[in-house]
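Here is entry.txt, consisting of compact mmCIF, C-alpha atoms and all ligand atoms:
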# COMPACT_ATOMS: atom_id res chain seq x y z
CA MET A 18 89.09 194.12 121.41
CA ALA A 19 87.29 193.29 118.17
CA ALA A 20 90.67 192.81 116.49
CA GLU A 21 91.73 190.41 119.28
CA GLN A 22 88.49 188.40 118.91
CA GLY A 23 89.07 188.25 115.17
CA GLN A 24 92.60 186.88 115.75
CA ILE A 25 91.30 184.21 118.15
CA LEU A 26 88.65 183.21 115.61
CA VAL A 27 91.28 182.83 112.87
CA ILE A 28 93.53 180.77 115.16
CA ALA A 29 90.60 178.58 116.31
CA THR A 30 89.42 178.00 112.75
CA ALA A 31 92.95 177.13 111.63
CA ALA A 32 93.35 174.72 114.60
CA VAL A 33 90.03 172.95 113.95
CA GLY A 34 90.77 172.79 110.21
CA GLY A 35 94.27 171.42 110.83
CA PHE A 36 92.99 168.87 113.29
CA THR A 37 90.23 167.72 110.90
CA LEU A 38 92.78 167.39 108.08
CA LEU A 39 95.05 165.38 110.39
CA VAL A 40 92.16 163.05 111.34
CA ILE A 41 91.19 162.61 107.66
CA LEU A 42 94.80 161.87 106.64
CA THR A 43 95.28 159.44 109.54
CA LEU A 44 92.06 157.62 108.66
CA PHE A 45 93.07 157.48 104.97
CA PHE A 46 96.47 155.93 105.73
CA LEU A 47 94.99 153.54 108.24
CA ILE A 48 92.35 152.30 105.80
CA THR A 49 94.63 151.97 102.75
CA GLY A 50 97.40 150.49 104.93
CA ARG A 51 94.98 147.97 106.39
CA CYS A 52 93.73 147.12 102.92
CA GLN A 53 97.26 146.44 101.77
CA TRP A 54 97.96 144.41 104.89
CA TYR A 55 94.76 142.46 104.26
CA ILE A 56 95.64 141.89 100.59
CA LYS A 57 99.17 140.76 101.53
CA ALA A 58 97.86 138.40 104.21
CA LYS A 59 95.33 136.95 101.77
CA MET A 60 98.05 136.41 99.14
CA LYS A 61 100.22 134.72 101.72
CA SER A 62 97.46 132.34 102.82
CA GLU A 63 96.68 131.48 99.16
CA GLU A 64 100.38 130.80 98.54
CA LYS A 65 100.48 128.63 101.66
CA ARG A 66 97.39 126.74 100.51
CA ARG A 67 98.97 126.11 97.11
CA ASN A 68 102.21 125.00 98.72
CA HIS A 69 100.33 122.54 100.87
CA LEU A 70 98.53 120.93 97.96
CA GLN A 71 100.31 119.23 95.09
CA ASN A 72 99.02 116.48 92.81
CA GLY A 73 95.88 116.78 94.97
CA HIS A 74 97.78 115.61 98.05
CA LEU A 75 98.33 117.46 101.27
CA ARG A 76 101.95 118.56 101.60
CA PHE A 77 103.85 118.94 104.82
CA PRO A 78 106.58 121.54 105.19
CA GLY A 79 110.04 119.98 104.98
CA ILE A 80 108.81 116.83 103.20
CA LYS A 81 109.48 116.58 99.46
CA THR A 82 106.49 115.84 97.25
CA TYR A 83 106.34 113.54 94.26
CA ILE A 84 105.71 115.27 90.94
CA ASP A 85 103.79 113.31 88.31
CA PRO A 86 106.01 113.36 85.17
CA ASP A 87 102.83 113.43 83.05
CA THR A 88 102.16 116.97 84.31
CA TYR A 89 105.14 118.07 82.17
CA GLU A 90 104.06 119.27 78.73
CA ASP A 91 107.18 117.58 77.35
CA PRO A 92 107.84 114.38 79.38
CA SER A 93 111.37 114.14 77.94
CA LEU A 94 112.11 117.28 80.00
CA ALA A 95 110.85 115.49 83.14
CA VAL A 96 113.35 112.66 82.82
CA HIS A 97 116.28 115.09 82.73
CA GLU A 98 114.86 116.98 85.68
CA PHE A 99 115.00 113.84 87.84
CA ALA A 100 117.60 111.53 86.27
CA LYS A 101 121.28 111.93 85.42
CA GLU A 102 122.34 111.24 81.83
CA ILE A 103 125.00 108.51 81.84
CA ASP A 104 127.69 108.26 79.17
CA PRO A 105 127.28 104.69 77.80
CA SER A 106 131.09 104.22 77.88
CA ARG A 107 130.75 104.04 81.70
CA ILE A 108 128.43 101.00 81.46
CA ARG A 109 129.67 97.43 81.03
CA ILE A 110 126.84 95.00 80.28
CA GLU A 111 127.62 91.47 81.52
CA ARG A 112 124.60 89.22 81.10
CA VAL A 113 120.87 89.11 80.44
CA ILE A 114 118.95 88.46 83.67
CA GLY A 115 115.38 88.90 82.53
CA ALA A 116 112.91 90.26 80.05
CA GLY A 117 110.70 93.30 80.59
CA GLU A 118 107.84 94.52 78.44
CA PHE A 119 110.14 97.04 76.74
CA GLY A 120 113.25 94.91 76.30
CA GLU A 121 115.93 92.93 78.11
CA VAL A 122 117.05 93.44 81.70
CA CYS A 123 120.82 92.94 82.10
CA SER A 124 123.30 92.94 84.93
CA GLY A 125 126.56 94.83 84.61
CA ARG A 126 128.89 97.42 86.10
CA LEU A 127 128.84 101.19 86.24
CA LYS A 128 132.04 103.21 86.55
CA THR A 129 131.89 106.71 88.03
CA PRO A 130 135.10 108.79 87.78
CA GLY A 131 136.87 108.86 91.14
CA LYS A 132 134.67 106.06 92.53
CA ARG A 133 134.88 102.32 92.32
CA GLU A 134 132.73 100.34 89.93
CA ILE A 135 129.32 99.35 91.26
CA PRO A 136 127.11 96.42 90.16
CA VAL A 137 123.98 97.61 88.37
CA ALA A 138 120.87 96.32 86.63
CA ILE A 139 120.28 97.79 83.19
CA LYS A 140 116.83 97.94 81.62
CA THR A 141 116.95 98.45 77.88
CA LEU A 142 114.37 99.73 75.44
CA LYS A 143 114.40 97.52 72.38
CA GLY A 144 114.90 99.10 68.96
CA GLY A 145 112.04 100.04 66.67
CA HIS A 146 110.02 101.59 69.49
CA MET A 147 107.49 104.37 69.11
CA ASP A 148 107.73 107.75 70.87
CA ARG A 149 104.96 106.64 73.21
CA GLN A 150 106.88 103.50 74.26
CA ARG A 151 110.00 105.56 74.90
CA ARG A 152 107.97 107.97 77.04
CA ASP A 153 106.30 105.14 78.99
CA PHE A 154 109.68 103.43 79.46
CA LEU A 155 111.36 106.58 80.75
CA ARG A 156 108.41 107.47 83.01
CA GLU A 157 109.67 104.90 85.50
CA ALA A 158 113.06 106.67 85.68
CA SER A 159 111.36 110.07 86.14
CA ILE A 160 109.49 108.65 89.13
CA MET A 161 112.34 106.62 90.65
CA GLY A 162 114.74 109.57 90.30
CA GLN A 163 112.63 111.57 92.76
CA PHE A 164 113.09 109.07 95.57
CA ASP A 165 115.98 108.71 97.97
CA HIS A 166 115.38 106.03 100.61
CA PRO A 167 117.19 102.82 101.68
CA ASN A 168 114.05 100.75 100.94
CA ILE A 169 113.34 102.20 97.49
CA ILE A 170 115.32 100.96 94.49
CA ARG A 171 117.93 103.59 93.60
CA LEU A 172 118.19 105.09 90.13
CA GLU A 173 121.78 105.61 88.95
CA GLY A 174 120.79 107.34 85.73
CA VAL A 175 119.55 107.00 82.16
CA VAL A 176 120.98 106.78 78.66
CA THR A 177 118.72 108.74 76.30
CA LYS A 178 121.18 110.42 73.92
CA SER A 179 122.28 107.19 72.21
CA ARG A 180 120.71 103.80 71.43
CA PRO A 181 119.72 101.60 73.10
CA VAL A 182 117.88 103.82 75.59
CA MET A 183 118.65 102.47 79.09
CA ILE A 184 117.62 102.85 82.73
CA VAL A 185 120.42 102.00 85.17
CA VAL A 186 119.53 101.04 88.77
CA GLU A 187 121.32 99.51 91.75
CA TYR A 188 121.83 95.75 91.49
CA MET A 189 119.83 93.55 93.86
CA GLU A 190 121.65 90.24 94.15
CA ASN A 191 118.70 88.14 95.32
CA GLY A 192 116.22 89.30 92.67
CA SER A 193 112.50 89.55 93.35
CA LEU A 194 111.13 88.72 96.80
CA ASP A 195 108.48 86.17 95.73
CA SER A 196 110.89 83.86 93.87
CA PHE A 197 113.59 84.41 96.51
CA LEU A 198 111.24 83.20 99.27
CA ARG A 199 110.01 80.22 97.23
CA LYS A 200 113.63 79.21 96.68
CA HIS A 201 114.38 79.42 100.41
CA ASP A 202 111.15 77.95 101.83
CA GLY A 203 111.33 77.76 105.64
CA HIS A 204 114.95 78.99 105.82
CA PHE A 205 114.49 82.21 107.79
CA THR A 206 113.70 83.08 111.40
CA VAL A 207 110.48 85.00 112.10
CA ILE A 208 112.67 87.97 113.10
CA GLN A 209 114.37 87.91 109.70
CA LEU A 210 110.99 87.85 107.95
CA VAL A 211 109.73 90.71 110.15
CA GLY A 212 112.93 92.63 109.29
CA MET A 213 112.10 92.29 105.58
CA LEU A 214 108.51 93.44 106.22
CA ARG A 215 109.75 96.37 108.28
CA GLY A 216 111.96 97.51 105.36
CA ILE A 217 109.07 97.32 102.89
CA ALA A 218 106.79 99.25 105.28
CA SER A 219 109.47 101.90 105.75
CA GLY A 220 109.83 102.34 101.96
CA MET A 221 106.03 102.56 101.66
CA LYS A 222 105.85 105.15 104.45
CA TYR A 223 108.36 107.25 102.52
CA LEU A 224 106.31 106.93 99.31
CA SER A 225 103.02 107.77 101.02
CA ASP A 226 104.62 110.79 102.75
CA MET A 227 105.66 111.98 99.29
CA GLY A 228 102.11 111.56 98.01
CA TYR A 229 103.00 108.67 95.72
CA VAL A 230 100.51 105.80 95.41
CA HIS A 231 102.17 102.60 94.13
CA ARG A 232 99.05 100.65 92.96
CA ASP A 233 100.98 97.42 92.36
CA LEU A 234 102.60 96.56 95.68
CA ALA A 235 103.26 92.80 95.64
CA ALA A 236 106.20 90.55 96.57
CA ARG A 237 107.05 90.19 92.85
CA ASN A 238 107.69 93.97 92.78
CA ILE A 239 110.06 93.96 95.76
CA LEU A 240 113.78 93.34 95.16
CA VAL A 241 116.15 91.80 97.71
CA ASN A 242 119.89 92.52 98.00
CA SER A 243 122.69 90.35 99.42
CA ASN A 244 122.05 91.71 102.95
CA LEU A 245 118.35 90.72 102.79
CA VAL A 246 117.38 94.39 102.48
CA CYS A 247 114.06 94.66 100.65
CA LYS A 248 113.42 97.56 98.30
CA VAL A 249 110.22 98.66 96.60
CA SER A 250 110.51 98.76 92.81
CA ASP A 251 108.36 98.85 89.66
CA PHE A 252 107.17 102.40 89.33
CA GLY A 253 105.24 103.88 86.47
CA LEU A 254 101.52 104.00 87.28
CA SER A 255 99.47 102.69 84.34
CA ARG A 256 102.55 101.15 82.73
CA VAL A 257 103.21 99.11 85.87
CA LEU A 258 99.86 97.42 85.48
CA GLU A 259 100.29 96.88 81.72
CA ASP A 260 103.53 95.08 82.50
CA ASP A 261 102.21 92.98 85.38
CA PRO A 262 101.16 89.46 84.31
CA GLU A 263 98.91 89.35 87.40
CA ALA A 264 96.90 92.39 86.28
CA ALA A 265 93.53 91.41 84.79
CA TYR A 266 90.90 93.52 83.04
CA THR A 267 87.90 94.44 85.18
CA THR A 268 84.34 94.85 83.86
CA THR A 269 84.99 98.61 83.77
CA GLY A 270 88.06 98.15 81.57
CA GLY A 271 90.80 98.78 84.16
CA LYS A 272 93.76 96.39 84.40
CA ILE A 273 94.21 95.42 88.03
CA PRO A 274 96.10 92.73 90.02
CA ILE A 275 92.88 91.60 91.75
CA ARG A 276 94.38 89.50 94.60
CA TRP A 277 96.58 92.37 95.80
CA THR A 278 94.08 95.19 95.35
CA ALA A 279 91.69 96.81 97.86
CA PRO A 280 87.96 96.39 97.10
CA GLU A 281 87.35 100.14 96.54
CA ALA A 282 90.21 100.27 94.01
CA ILE A 283 88.75 97.28 92.12
CA ALA A 284 85.18 98.60 92.29
CA TYR A 285 85.68 102.28 91.45
CA ARG A 286 89.45 102.80 90.99
CA LYS A 287 89.84 104.54 94.35
CA PHE A 288 93.61 104.07 94.66
CA SER A 289 95.25 105.71 97.68
CA SER A 290 97.88 105.05 100.33
CA ALA A 291 95.06 103.20 102.14
CA SER A 292 94.65 100.85 99.16
CA ASP A 293 98.46 100.43 99.19
CA ALA A 294 98.07 99.42 102.88
CA TRP A 295 95.63 96.64 101.82
CA SER A 296 98.25 95.40 99.31
CA TYR A 297 100.88 95.61 102.04
CA GLY A 298 98.76 93.17 104.12
CA ILE A 299 98.84 90.76 101.15
CA VAL A 300 102.64 91.17 100.92
CA MET A 301 102.84 90.31 104.64
CA TRP A 302 100.89 87.14 103.91
CA GLU A 303 103.16 86.30 100.94
CA VAL A 304 106.26 86.78 103.09
CA MET A 305 105.00 84.75 106.08
CA SER A 306 103.96 81.93 103.71
CA TYR A 307 107.28 81.97 101.79
CA GLY A 308 105.80 83.10 98.50
CA GLU A 309 102.52 81.18 98.46
CA ARG A 310 99.95 82.51 95.98
CA PRO A 311 97.31 84.62 97.78
CA TYR A 312 93.91 82.83 97.72
CA TRP A 313 95.70 79.87 96.06
CA GLU A 314 93.97 78.75 92.87
CA MET A 315 90.69 80.59 93.49
CA SER A 316 89.51 82.54 90.45
CA ASN A 317 89.65 86.36 90.48
CA GLN A 318 85.86 86.50 90.52
CA ASP A 319 85.70 84.17 93.54
CA VAL A 320 88.32 86.29 95.33
CA ILE A 321 86.23 89.44 94.79
CA LEU A 322 83.02 87.73 95.97
CA SER A 323 84.67 86.11 99.02
CA ILE A 324 86.20 89.42 100.14
CA GLU A 325 82.83 91.11 99.70
CA GLU A 326 81.27 88.42 101.95
CA GLY A 327 83.90 89.12 104.64
CA TYR A 328 86.30 86.22 103.98
CA ARG A 329 89.96 86.97 104.74
CA LEU A 330 93.16 84.93 104.23
CA PRO A 331 93.97 82.75 107.27
CA ALA A 332 97.35 82.96 109.02
CA PRO A 333 100.10 81.07 107.16
CA MET A 334 101.65 78.12 109.02
CA GLY A 335 103.95 79.27 111.83
CA CYS A 336 102.72 82.88 111.63
CA PRO A 337 102.70 84.81 114.92
CA ALA A 338 99.15 85.88 115.90
CA SER A 339 100.21 89.53 116.18
CA LEU A 340 101.31 89.56 112.53
CA HIS A 341 98.05 87.98 111.33
CA GLN A 342 96.17 90.60 113.37
CA LEU A 343 98.12 93.32 111.55
CA MET A 344 97.22 91.73 108.17
CA LEU A 345 93.52 91.69 109.15
CA HIS A 346 93.85 95.34 110.16
CA CYS A 347 95.19 96.15 106.64
CA TRP A 348 92.22 94.31 105.10
CA GLN A 349 89.43 96.33 106.70
CA LYS A 350 86.67 97.17 104.26
CA GLU A 351 86.53 100.77 105.49
CA ARG A 352 89.76 102.24 104.13
CA ASN A 353 90.07 104.94 106.81
CA HIS A 354 90.18 102.19 109.46
CA ARG A 355 93.33 100.60 107.97
CA PRO A 356 96.66 101.41 109.65
CA LYS A 357 98.89 104.12 108.15
CA PHE A 358 102.37 103.03 107.08
CA THR A 359 103.84 105.02 109.97
CA ASP A 360 101.74 102.87 112.38
CA ILE A 361 102.90 99.68 110.63
CA VAL A 362 106.59 100.68 110.90
CA SER A 363 106.32 101.47 114.61
CA PHE A 364 104.36 98.26 115.30
CA LEU A 365 107.02 96.13 113.54
CA ASP A 366 109.82 98.07 115.28
CA LYS A 367 108.26 97.20 118.64
CA LEU A 368 108.03 93.51 117.63
CA ILE A 369 111.70 93.50 116.63
CA ARG A 370 112.71 95.13 119.94
CA ASN A 371 110.50 92.79 121.98
CA PRO A 372 110.42 89.47 120.07
CA SER A 373 108.63 87.64 122.90
CA ALA A 374 105.40 89.02 121.37
CA LEU A 375 106.15 86.81 118.34
CA HIS A 376 105.98 83.56 120.28
CA THR A 377 102.20 83.21 120.21
CA LEU A 378 101.29 81.47 116.99
CA VAL A 379 97.79 81.48 115.53
CA GLU A 380 97.67 77.65 115.73
CA ASP A 381 98.50 77.88 119.48
CA ILE A 382 95.42 80.07 120.04
CA LEU A 383 93.16 77.80 117.99
CA VAL A 384 93.97 74.56 119.88
N1 LIG A 401 115.73 92.47 88.06
C1 LIG A 401 115.07 93.61 87.83
N2 LIG A 401 115.68 94.63 88.42
C2 LIG A 401 116.74 94.12 89.08
C3 LIG A 401 117.74 94.67 89.91
N3 LIG A 401 117.76 95.95 90.18
N4 LIG A 401 118.66 93.87 90.41
C4 LIG A 401 118.63 92.56 90.13
N5 LIG A 401 117.71 91.97 89.38
C5 LIG A 401 116.76 92.76 88.85
Whole structure, structure tokens version:
Amino acid sequence: MAAEQGQILVIATAAVGGFTLLVILTLFFLITGRCQWYIKAKMKSEEKRRNHLQNGHLRFPGIKTYIDPDTYEDPSLAVHEFAKEIDPSRIRIERVIGAGEFGEVCSGRLKTPGKREIPVAIKTLKGGHMDRQRRDFLREASIMGQFDHPNIIRLEGVVTKSRPVMIVVEYMENGSLDSFLRKHDGHFTVIQLVGMLRGIASGMKYLSDMGYVHRDLAARNILVNSNLVCKVSDFGLSRVLEDDPEAAYTTTGGKIPIRWTAPEAIAYRKFSSASDAWSYGIVMWEVMSYGERPYWEMSNQDVILSIEEGYRLPAPMGCPASLHQLMLHCWQKERNHRPKFTDIVSFLDKLIRNPSALHTLVEDILV
């Protein structure tokens, strides 16, 4: 009997011991497993956060983001990341069509094996340049090479391995939008003008989706092809403003095209897609007035003061009221109240589909 009790005691002790060990082991695996799961989840969310933020801009999955070439330690690596090197034997320069800050702009032809020749514009970097000038010159190609949109000027490639250094882009037969409109004053239907504006807005929507802020959106920086398609050009951040004859020095030392620039960008350099939307409103006004100078011959200082007091450009002659309303919307002091480029594109699309909304002119409302 005593032996039997002893056996039961041994079995019971072993069972309790085994069970306790099992509980301890289970708890250990649960806790360490959970820890690992927690660590993994935290790493994932950090990775996600990083993926959603680039150049300080919110990224959206599936949409490519612009990379600032200045974030490369060696900017000459950036240009080859985003631009194809072209063998100069494929380029035929035909004539000089303009002068840029860095050298001549020429028209010509580019031959690609197996494809037919295409007309191109060739920007050259004049000889005797410094490393800094070469870097600033090629920055534009590093930016342009990241874009692929029908309303953004297309980069064909660069020549960097021989002299002169060149940037080769698609040729735009009608040149810059401001001079094109001045040359053809009153020649287009409102629908044609709205079509041009729609193209520019679509290019700007693409740029803002990529997190790129243009800072110098103006009709002089839009190019027009033979089909009246308008494309945004002149990229290069600070360089763009150095090169722009309209850009003036502010009291704080910045160089800014005052008439095209939002008040917060002039006052404290707050450039954003919302300040680009202000400039877009000015481009609308330039287009509807066939290349008139915004604020006419007013001085920069008077423009700044008038805007501060609430003055806004009136509708150009023959401008539909709905378009002037959109301009005024772009010129709201509070930048978050301005329309997004996506809103502008859909608004203009609706106008194109239902042109009856374009029949009310501002002068019809005023009389
Ligand atoms: N002037 C500057 N760039 C040009 C281009 N791509 N086409 C025509 N003229 C231009």
Each residue of chain A lying at most 10 Å from ligand LIG 401 (chain A) should get a row with its shortest atom-to-atom pair and the distance in Å to one decimal, counting all atoms listed in the file; could you produce that, ordered by chain and increasing number, as a tab-separated table?
residue	atom	partner	partner_atom	distance
A:Val113	CA	A:LIG401	N1	9.8
A:Ile114	CA	A:LIG401	N1	6.8
A:Gly115	CA	A:LIG401	N1	6.6
A:Ala116	CA	A:LIG401	C1	8.7
A:Gly117	CA	A:LIG401	C1	8.5
A:Glu121	CA	A:LIG401	C1	9.8
A:Val122	CA	A:LIG401	C1	6.4
A:Cys123	CA	A:LIG401	N1	7.9
A:Ser124	CA	A:LIG401	C4	7.0
A:Gly125	CA	A:LIG401	N4	9.8
A:Pro136	CA	A:LIG401	N4	8.8
A:Val137	CA	A:LIG401	N3	6.7
A:Ala138	CA	A:LIG401	N3	4.7
A:Ile139	CA	A:LIG401	N2	7.6
A:Lys140	CA	A:LIG401	N2	7.6
A:Ile170	CA	A:LIG401	N3	7.0
A:Arg171	CA	A:LIG401	N3	8.4
A:Leu172	CA	A:LIG401	N3	9.2
A:Val185	CA	A:LIG401	N3	8.3
A:Val186	CA	A:LIG401	N3	5.6
A:Glu187	CA	A:LIG401	N3	5.3
A:Tyr188	CA	A:LIG401	N4	3.8
A:Met189	CA	A:LIG401	N4	3.7
A:Glu190	CA	A:LIG401	C4	5.5
A:Asn191	CA	A:LIG401	C4	6.8
A:Gly192	CA	A:LIG401	N5	4.5
A:Ser193	CA	A:LIG401	N1	6.9
A:Asn238	CA	A:LIG401	C1	8.9
A:Ile239	CA	A:LIG401	N2	9.3
A:Leu240	CA	A:LIG401	C3	6.7
A:Val241	CA	A:LIG401	N4	8.0
A:Asn242	CA	A:LIG401	N4	7.8
A:Lys248	CA	A:LIG401	N3	9.3
A:Ser250	CA	A:LIG401	N2	7.9
A:Asp251	CA	A:LIG401	N2	8.5
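Comparing A:Asn353, A:Ser196, A:Thr377, A:Thr206 by their smallest distance to Glu303 of chain A, the closest is A:Ser196 (using all atoms listed in the file).
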For Thr177 of chain A, find every residue with an atom within 12 Å (counting all atoms listed in the file), except residues of its own chain fewer than 2 positions away, and show them as a JSON list (two decimals) with C-alpha atoms, in the coordinates of the input.
[["chain", "number", "residue", "atom", "x", "y", "z"],
["A", 93, "SER", "CA", 111.37, 114.14, 77.94],
["A", 94, "LEU", "CA", 112.11, 117.28, 80.00],
["A", 96, "VAL", "CA", 113.35, 112.66, 82.82],
["A", 97, "HIS", "CA", 116.28, 115.09, 82.73],
["A", 100, "ALA", "CA", 117.60, 111.53, 86.27],
["A", 101, "LYS", "CA", 121.28, 111.93, 85.42],
["A", 102, "GLU", "CA", 122.34, 111.24, 81.83],
["A", 103, "ILE", "CA", 125.00, 108.51, 81.84],
["A", 104, "ASP", "CA", 127.69, 108.26, 79.17],
["A", 105, "PRO", "CA", 127.28, 104.69, 77.80],
["A", 141, "THR", "CA", 116.95, 98.45, 77.88],
["A", 142, "LEU", "CA", 114.37, 99.73, 75.44],
["A", 151, "ARG", "CA", 110.00, 105.56, 74.90],
["A", 152, "ARG", "CA", 107.97, 107.97, 77.04],
["A", 154, "PHE", "CA", 109.68, 103.43, 79.46],
["A", 155, "LEU", "CA", 111.36, 106.58, 80.75],
["A", 158, "ALA", "CA", 113.06, 106.67, 85.68],
["A", 174, "GLY", "CA", 120.79, 107.34, 85.73],
["A", 175, "VAL", "CA", 119.55, 107.00, 82.16],
["A", 179, "SER", "CA", 122.28, 107.19, 72.21],
["A", 180, "ARG", "CA", 120.71, 103.80, 71.43],
["A", 181, "PRO", "CA", 119.72, 101.60, 73.10],
["A", 182, "VAL", "CA", 117.88, 103.82, 75.59],
["A", 183, "MET", "CA", 118.65, 102.47, 79.09],
["A", 184, "ILE", "CA", 117.62, 102.85, 82.73],
["A", 185, "VAL", "CA", 120.42, 102.00, 85.17]]
### Query
What's the 12 Å shell around Gln342 of chain A, counting only C-alpha atoms, without same-chain residues fewer than 3 positions away, as a PyMOL selection string?
chain A and resi 298+301-302+329-332+336-339+345-349+355-356+361+364+375+377-379
Grab the residues selected above and save them as a short mmCIF file (atom, residue, chain, number, x, y, z; two decimals), in the frame of the given file with C-alpha atoms.
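Final file, part.cif:
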data_model
loop_
_atom_site.label_atom_id
_atom_site.label_comp_id
_atom_site.auth_asym_id
_atom_site.auth_seq_id
_atom_site.Cartn_x
_atom_site.Cartn_y
_atom_site.Cartn_z
CA GLY A 298 98.76 93.17 104.12
CA MET A 301 102.84 90.31 104.64
CA TRP A 302 100.89 87.14 103.91
CA ARG A 329 89.96 86.97 104.74
CA LEU A 330 93.16 84.93 104.23
CA PRO A 331 93.97 82.75 107.27
CA ALA A 332 97.35 82.96 109.02
CA CYS A 336 102.72 82.88 111.63
CA PRO A 337 102.70 84.81 114.92
CA ALA A 338 99.15 85.88 115.90
CA SER A 339 100.21 89.53 116.18
CA LEU A 345 93.52 91.69 109.15
CA HIS A 346 93.85 95.34 110.16
CA CYS A 347 95.19 96.15 106.64
CA TRP A 348 92.22 94.31 105.10
CA GLN A 349 89.43 96.33 106.70
CA ARG A 355 93.33 100.60 107.97
CA PRO A 356 96.66 101.41 109.65
CA ILE A 361 102.90 99.68 110.63
CA PHE A 364 104.36 98.26 115.30
CA LEU A 375 106.15 86.81 118.34
CA THR A 377 102.20 83.21 120.21
CA LEU A 378 101.29 81.47 116.99
CA VAL A 379 97.79 81.48 115.53
#
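The space between atom CA of Ser106 of chain A and atom CA of Leu127 of chain A spans 9.2 Å.
Of the residues under consideration (A:Gln318, A:Thr37, A:Gln209, A:Asn244), A:Gln209 shows the shortest atom-to-atom contact distance to Ile369 of chain A when counting only C-alpha atoms.
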